[in-house]
Amino acid sequence: GGGWAYDIPGIYRANGMPVTICDLSGGPNHGTIYINFSDQRNGTDDTDVWLVKSTDGGNTWSQPARVNDDPPGKHQFFTWMTIDQTTGDLWFVFYDRRNYSNNSTDVYMACSTDGGETFYNFRISESPFIPSSGVFFGDYTNVTAHNNVIRPVWIRRQGGQLSTWTAIVDPGIVG
């Protein structure tokens, strides 16, 4: 949907880079392969974050499940995903414009505790920021999780400067 590269207002370059992980947790979804990506299958004004999975070693794949849980019509982009191999929980981080009619951008996370069947979304940025298409923003998000210690990383632009941010995510509070 929309191909590898697509346009998002205020972003110099955007793509739906796929992230692939396998559940090795020993839990109920052990062996499941997950691929997380974003695209514009629902229109150029509606970039969404998606997940597909295979429970048979990659021979067959699920239909894409929409990770962002907002109403259609807003941009979510530059997604990254990990799995907590001690719990089997999936964690996603992405930029999100669900709350604005301009280029104001928040950072959201999503979690799935049931193998990608359902997703809980929550905002982790303290305030929105506005990227500039004249400044290379990059696709530099990431998230790591181990034994319920979750650490997302993202870039934001404030006052013309880019900076790197992280958060301490407590699954007991956000879930």
# chains A, B, ... in the order shown; residues from 1 in each chain; ligands from 1
$ select_by_dssp --residues "stretch 23-160 of chain A" --states "strand (DSSP E)" --output "ChimeraX atom specification"
/A:33-39,48-54,65-66,76-83,90-96,106-112,120-123,142-146,149-158
$ closest_atom_pairs --of "stretch 43-93 of chain A" --to "stretch 129-153 of chain A" --cutoff "12 Å" --atoms "only C-alpha atoms" --output "CSV"
residue,atom,partner,partner_atom,distance
A:Phe77,CA,A:Asp139,CA,8.9
A:Phe78,CA,A:Asp139,CA,5.5
A:Thr79,CA,A:Thr141,CA,6.9
A:Trp80,CA,A:Asn142,CA,5.4
A:Met81,CA,A:Val143,CA,6.4
A:Thr82,CA,A:Thr144,CA,6.0
A:Ile83,CA,A:Ala145,CA,6.5
A:Asp84,CA,A:Ala145,CA,4.9
A:Gln85,CA,A:His146,CA,6.5
A:Thr86,CA,A:Asn147,CA,5.3
A:Thr87,CA,A:Asn147,CA,6.7
A:Gly88,CA,A:Asn147,CA,9.6
A:Asp89,CA,A:Asn148,CA,8.8
A:Leu90,CA,A:Ala145,CA,8.8
A:Trp91,CA,A:Val143,CA,7.3
A:Phe92,CA,A:Val143,CA,7.0
A:Val93,CA,A:Val143,CA,6.6
$ residues_around --residues "stretch 32-41 of chain A" --least-positions-apart "3" --cutoff "8 Å" --atoms "only C-alpha atoms" --output "VMD selection string"
chain A and resid 1 to 4 6 15 to 23 29 44 to 58 76 to 81
